[in-house]
Amino acid sequence: MKFSYRFSNLLGTVYRRGNLNFTHDGNSVISPVGNRLTVFDLKNNKSDTLPLATRYNVRCVGLSPDGRLAIVVDEGGSALLVSLAHRAVLHHFHFKGSVHSVSFSPDGRRFVVTKGNIAQMYHAPGKKREFNAFVLDKTYFGPYDETTCIDWTDDSRCFVVGSKDMSTWVFGAERWDNLIYYALGGHKDAIVACFFESNSLDLYSLSQDGALCVWQCDTPPEGLRLKAPSGWKADLLRREEEEEEEEEEDGDRETTVRGRATPAEEEKKGKVKYSRLAKYFFNKEGDFNSLTAAAYHKKIRLLVTGFASGIFHLHELPEFNLIHSLSISDQSISSVAVNSSGDWIAFGCSGLGQLLVWEWQSESYVLKQQGHFNSMVSLAYSPDGQYIVTGGDDGKVKVWNTLSGFCFVTFTEHSSGVTGVTFTATGYVIVTSSMDGTVRAFDLHRYRNFRTFTSPRPTQFSCVAVDASGEIVSAGAQDSFEIFVWSMQTGRLLDVLSGHEGPVSGLCFNPVKSILASASWDKTVRLWDMFDSWRTKETLALTSDALAVSFRPDGAELAVATLNSQITFWDPENAVQTGSIEGRHDLKTGRKELDKITAKHSAKGKAFTTLCYSADGQSILAGGMSRFVCIYHVREQILMKRFEISCNLSLDAMEEFLNRRKMTEFGNLALIDQDAGQEDGTAIPLPGVKKGDMSSRHFKPEIRVTSLRFSPTGRCWAATTTEGLLIYSLDAQMLFDPFELDTSITPGRVREALRQQEFTRAILMAFRLNEDKLVQEALESVPSGEIEVVSSSLPELYVEKVLQFLASSFEVSHHLEFYLTWTQKLLMLHGQKLKSRAGQLLPVVQFLQKSIQQHLDNLSKLCDWNRYNIQYTLAVSKQRGMKRSLELPGSEEEAEGSEDDSLYLLGAGDAHEAQGTLG
């Protein structure tokens, strides 16, 4: 059996930290999510995570002016050159230090990075292949403290750099004769942002204390003169150039440029001069509010500023007229970006993990997404695979659309962490359990909590399960060791199942029979008969504490994960163990920073805590306190593949060995809170200075997999992890995977059979070659009148393959009626035979159902739109007809004719508009 699952998408987390960027067309937002990048397409309502990852969390992202390239820099200083068009990494580079910001010049030929107290300018990679993509051109010295921000002039001649030492520095990309590199003061706090005016050297600088300085330059950009070498310098330069040509060198000589804070008065004569025109303050008297992020749109002169209190302002410059002042939340705004047209503004809040896109002219949200700001604990797929529900430690229940990747509803009724989520068989009801002592049922039609189940005594629920009919809800208690059973219809408590002597860790209903399996820390799994007075049918004795339990989709097998890293398989009918898998060496737990022993000798957490069968029941997924998810073949009991969930070293327990660089004679450097001086931490540069939140602590979250679920369609699986909700789907690339192939079957023979109208033979040969394009050609060559005859002549083995191909074709093809006819004829003619293999065919049928349901939803929206338009048209035309009949009582026939004409014209126009909307 071949597994070609690959990372597909990252949901559940929309923003972590770093700077937001709009794409070149202004229709998409690029958001850093941990060590990955997610692109939110605002026009098509989709999100997509790029298939690349950095070694640490992403610190900053720089986009080229044409939008084709991006430089992604992580916290460790490692950079990736990424092609956004091909979604591929082109080059790896290390800046040898922490980089604060990166910015391309408007002409795309250079880019500048701010690192420490210097700014470095590199030659940007071009459109042709290069041996070294990043060539250092100049290093600029001047600021005494860390550099924070960059902005370029429109002609790429100069750039400005802001620093934490309260100064702003203007540097030239070339050696300009009349430009001295000196500092602009006027601020009393660290510079947050600085911007050039459009087609000018005038600039604005903003500091953390909410001050804006307007600087005017006495020289236009065209007035800058290149410094011409003279005398012996010119001869020396010419000789050096000749030597370089002879030696065929790259010419990547680094040049150092040093600026001075206070140049002499003689040097200033005849040079570019800056003067401060005005100084404005955002904060009112006595109301200190730290400025954290800013963005400026040069064409419409719109300044957007975000503050630590969650408030943002929109000002028109240079007059400093206030347009809007609104509050997003009570958390600090970490990043602000404006799109190319200036209509949309993106805000990122790292404290909440929130991403907002606001249209300021209409004062409405284009996008408002927020992930779980604590860790996600559980997930469940809807029966048709279209939705995923997640529950987190923050007490929120979120429902995500798997096609768009967006969360479309959030339930906040729980007052404590959610421990379990599940769908009922209909797919329109979500049942959740929580530590707050309640089990709640939510309706996806009206988006409300319509039922709340409670226990007689307050207890903490650790897991929840719903039977196949959706009538019985059960939840396991963590502190009273009991299982509570309720009726979904009435909400009444039906029974309390006692017998376990430890916390209940997992519940699972048999998909076929009314049997409930409960796993507990008392080293047993109990099977309860729901029909026979809730009695214990069987008790399965285990060698260690049970952590997770799962039934196979056909209900004929039970898998249990235990604390000794084993997965045991049981026959639930006869209570006999049928096999076991030893997973201790496959799990490979990592070593925490403060662990005194190696990961190999650490027994802590070496166990699978979540299990899930694949849709066909032949394999099982297992995960736990590790960065790996293992997939095992159940019958052979072997490891088939191990998926690495993350390579992010910003998380704890990622490394296997001890990092000797952090071990000193005084102890482990990991014990020191080295990030305390960062922007979001407590600044402690001077003794006796109180600034920031003294209780703020920086910690590294530990990598772990809390829940795993296979999609009912069998096409993908999902995992809730420390990184977020990861989706792995089948690789869509063409793989040569023939079926019962022999030398007589070729594409030419298939097309020859189609020309002779031997459709059945052509379809069989195409499926044996197993090439999608050829199969599509063979199926679409069959006339619609002969589909029934061809369907009846297909062997049973090929019917399943045709159905699977039809299900995947519904997602991309426009031949909806044609493929629906194929589906109907195959199911009508072969339904009885397929029913005997219902267990094996279930994933294919559910994949088919998901694809058809998606088209049904789209068409129903179009039909509703058309129906409302026609009703509106009828009402308008009727009103006009009545008005005309009142005015001209003798011309009823004319009025009726004009009414019909107007109805026809308006209806056609509205129908055309509706089709355009759907397209």
# chains A, B, ... in the order shown; residues from 1 in each chain; ligands from 1

call {"tool": "select_by_dssp", "arguments": {"residues": "range 140-345 of chain A", "states": "strand (DSSP E or B)", "output": "MDAnalysis selection string"}}
result
chainID A and resid 140:141 147:152 158:163 168:172 176 182:184 191:196 203:207 211:217 226 255:258 260 274:281 291:297 302:307 311:316 321:327 335:338 344:345

call {"tool": "residues_around", "arguments": {"residues": "Arg109 in chain A", "least_positions_apart": "4", "cutoff": "7 Å", "atoms": "only C-alpha atoms", "output": "mmCIF file with C-alpha atoms, in the first residue's frame"}}
result
data_model
loop_
_atom_site.group_PDB
_atom_site.id
_atom_site.type_symbol
_atom_site.label_atom_id
_atom_site.label_comp_id
_atom_site.auth_asym_id
_atom_site.auth_seq_id
_atom_site.Cartn_x
_atom_site.Cartn_y
_atom_site.Cartn_z
ATOM 1 C CA SER A 105 14.367 48.980 -3.317
ATOM 2 C CA HIS A 123 22.452 43.179 -4.631
ATOM 3 C CA ALA A 124 19.019 41.625 -5.104
#

call {"tool": "residues_around", "arguments": {"residues": "His297 in chain A", "least_positions_apart": "5", "cutoff": "9 Å", "atoms": "only C-alpha atoms", "output": "ChimeraX atom specification"}}
result
/A:302-304,338-342

call {"tool": "atom_distance", "arguments": {"atom1": "CA of Val272 in chain A", "atom2": "CA of Leu179 in chain A"}}
result
5.3 Å

call {"tool": "closest_residue", "arguments": {"among": "A:Ser205, A:Val464, A:Asp522, A:Asp394", "to": "Pro318 in chain A", "atoms": "only C-alpha atoms"}}
result
A:Ser205

call {"tool": "closest_residue", "arguments": {"among": "A:Val431, A:Ile388, A:Val397, A:Leu841", "to": "Val418 in chain A", "atoms": "only C-alpha atoms"}}
result
A:Val397

call {"tool": "residues_around", "arguments": {"residues": "range 502-515 of chain A", "least_positions_apart": "6", "cutoff": "9 Å", "atoms": "only C-alpha atoms", "output": "PyMOL selection string"}}
result
chain A and resi 461-468+474-483+521-523+527-531+537+546-556+558

call {"tool": "write_last_selection", "arguments": {"atoms": "C-alpha atoms", "output": "compact mmCIF listing (two decimals), in the first residue's frame"}}
result
# COMPACT_ATOMS: atom_id res chain seq x y z
CA PHE A 461 -15.18 15.97 31.65
CA SER A 462 -12.14 14.62 29.82
CA CYS A 463 -13.74 13.09 26.70
CA VAL A 464 -17.03 12.87 24.79
CA ALA A 465 -18.66 10.46 22.31
CA VAL A 466 -21.95 10.29 20.37
CA ASP A 467 -23.47 7.07 19.03
CA ALA A 468 -24.15 6.41 15.33
CA SER A 474 -21.72 10.10 26.76
CA ALA A 475 -18.84 11.83 28.54
CA GLY A 476 -16.07 10.54 30.80
CA ALA A 477 -15.16 12.19 34.09
CA GLN A 478 -11.62 12.91 35.15
CA ASP A 479 -12.17 13.24 38.88
CA SER A 480 -15.13 10.95 39.72
CA PHE A 481 -14.04 8.11 37.33
CA GLU A 482 -17.65 7.78 36.03
CA ILE A 483 -19.25 7.86 32.59
CA TRP A 521 -5.92 4.91 33.76
CA ASP A 522 -6.91 1.84 35.81
CA LYS A 523 -5.33 -0.38 33.09
CA LEU A 527 -17.23 -2.36 26.74
CA TRP A 528 -20.73 -1.21 27.70
CA ASP A 529 -23.90 -2.49 26.01
CA MET A 530 -26.22 0.46 25.41
CA PHE A 531 -29.33 -1.71 24.88
CA LYS A 537 -20.31 -6.44 28.38
CA ALA A 546 -4.94 3.22 28.73
CA LEU A 547 -4.57 6.64 27.08
CA ALA A 548 -6.67 6.41 23.90
CA VAL A 549 -9.18 4.05 22.31
CA SER A 550 -10.54 3.86 18.76
CA PHE A 551 -12.87 1.53 16.80
CA ARG A 552 -12.18 0.52 13.22
CA PRO A 553 -14.73 2.06 10.77
CA ASP A 554 -16.47 -1.31 10.35
CA GLY A 555 -16.57 -1.86 14.15
CA ALA A 556 -14.82 -5.24 13.97
CA LEU A 558 -10.58 -2.02 18.65

call {"tool": "atom_distance", "arguments": {"atom1": "CA of Lys298 in chain A", "atom2": "CA of Ser198 in chain A"}}
result
5.4 Å

call {"tool": "residues_around", "arguments": {"residues": "Phe22 in chain A", "least_positions_apart": "6", "cutoff": "9 Å", "atoms": "only C-alpha atoms", "output": "list in words"}}
result
Ser28, Val29, Ile30, Ser31, Leu63, Ala337, Val338, Asn339, Ser340 and Ala346 of chain A

call {"tool": "write_last_selection", "arguments": {"atoms": "N, CA and C atoms", "output": "CSV table (one decimal), in the first residue's frame"}}
result
chain,number,residue,atom,x,y,z
A,28,SER,N,-4.1,39.7,-1.8
A,28,SER,CA,-3.8,38.7,-0.8
A,28,SER,C,-2.9,39.2,0.3
A,29,VAL,N,-3.0,38.6,1.5
A,29,VAL,CA,-2.1,39.0,2.6
A,29,VAL,C,-1.2,37.8,2.9
A,30,ILE,N,0.1,38.1,3.1
A,30,ILE,CA,1.1,37.1,3.4
A,30,ILE,C,1.3,37.3,4.9
A,31,SER,N,1.0,36.2,5.7
A,31,SER,CA,1.1,36.3,7.2
A,31,SER,C,2.1,35.3,7.7
A,63,LEU,N,9.2,41.6,0.4
A,63,LEU,CA,8.7,41.3,-0.9
A,63,LEU,C,9.3,42.1,-2.0
A,337,ALA,N,-0.1,46.8,7.6
A,337,ALA,CA,0.2,46.9,6.2
A,337,ALA,C,-0.9,47.4,5.4
A,338,VAL,N,-0.6,48.2,4.4
A,338,VAL,CA,-1.7,48.8,3.5
A,338,VAL,C,-1.4,48.2,2.1
A,339,ASN,N,-2.5,47.8,1.4
A,339,ASN,CA,-2.4,47.3,0.1
A,339,ASN,C,-2.1,48.4,-1.0
A,340,SER,N,-1.8,47.9,-2.2
A,340,SER,CA,-1.3,48.8,-3.2
A,340,SER,C,-2.3,49.9,-3.6
A,346,ALA,N,-4.3,45.8,6.8
A,346,ALA,CA,-4.2,44.5,7.5
A,346,ALA,C,-3.5,44.8,8.9

call {"tool": "closest_residue", "arguments": {"among": "A:Asn648, A:Ser813, A:Thr720, A:Gln879", "to": "Leu10 in chain A", "atoms": "only C-alpha atoms"}}
result
A:Thr720

call {"tool": "atom_distance", "arguments": {"atom1": "CA of Gln804 in chain A", "atom2": "CA of Val844 in chain A"}}
result
5.8 Å

call {"tool": "closest_atom_pairs", "arguments": {"of": "range 786-866 of chain A", "to": "range 375-385 of chain A", "cutoff": "12 Å", "atoms": "only C-alpha atoms", "output": "Markdown table"}}
result
| residue | atom | partner | partner_atom | distance |
| --- | --- | --- | --- | --- |
| A:Leu842 | CA | A:Asp384 | CA | 11.0 |
| A:Pro843 | CA | A:Asp384 | CA | 9.7 |
| A:Val844 | CA | A:Asp384 | CA | 11.0 |
| A:Val845 | CA | A:Asp384 | CA | 9.6 |
| A:Gln846 | CA | A:Asp384 | CA | 5.9 |
| A:Phe847 | CA | A:Asp384 | CA | 7.2 |
| A:Leu848 | CA | A:Asp384 | CA | 9.0 |
| A:Gln849 | CA | A:Asp384 | CA | 6.6 |
| A:Lys850 | CA | A:Asp384 | CA | 5.1 |
| A:Ser851 | CA | A:Asp384 | CA | 8.9 |
| A:Ile852 | CA | A:Asp384 | CA | 10.2 |
| A:Gln853 | CA | A:Asp384 | CA | 8.4 |
| A:Gln854 | CA | A:Asp384 | CA | 9.9 |

call {"tool": "closest_residue", "arguments": {"among": "A:Gly617, A:Gly108, A:Gly395, A:Gly12", "to": "Glu413 in chain A", "atoms": "only C-alpha atoms"}}
result
A:Gly395

call {"tool": "closest_residue", "arguments": {"among": "A:Gly748, A:Leu20, A:Thr609, A:Ala53", "to": "Glu644 in chain A", "atoms": "only C-alpha atoms"}}
result
A:Ala53

call {"tool": "closest_residue", "arguments": {"among": "A:Thr422, A:Asn199, A:Ser47, A:Thr305", "to": "Ala211 in chain A", "atoms": "only C-alpha atoms"}}
result
A:Thr305
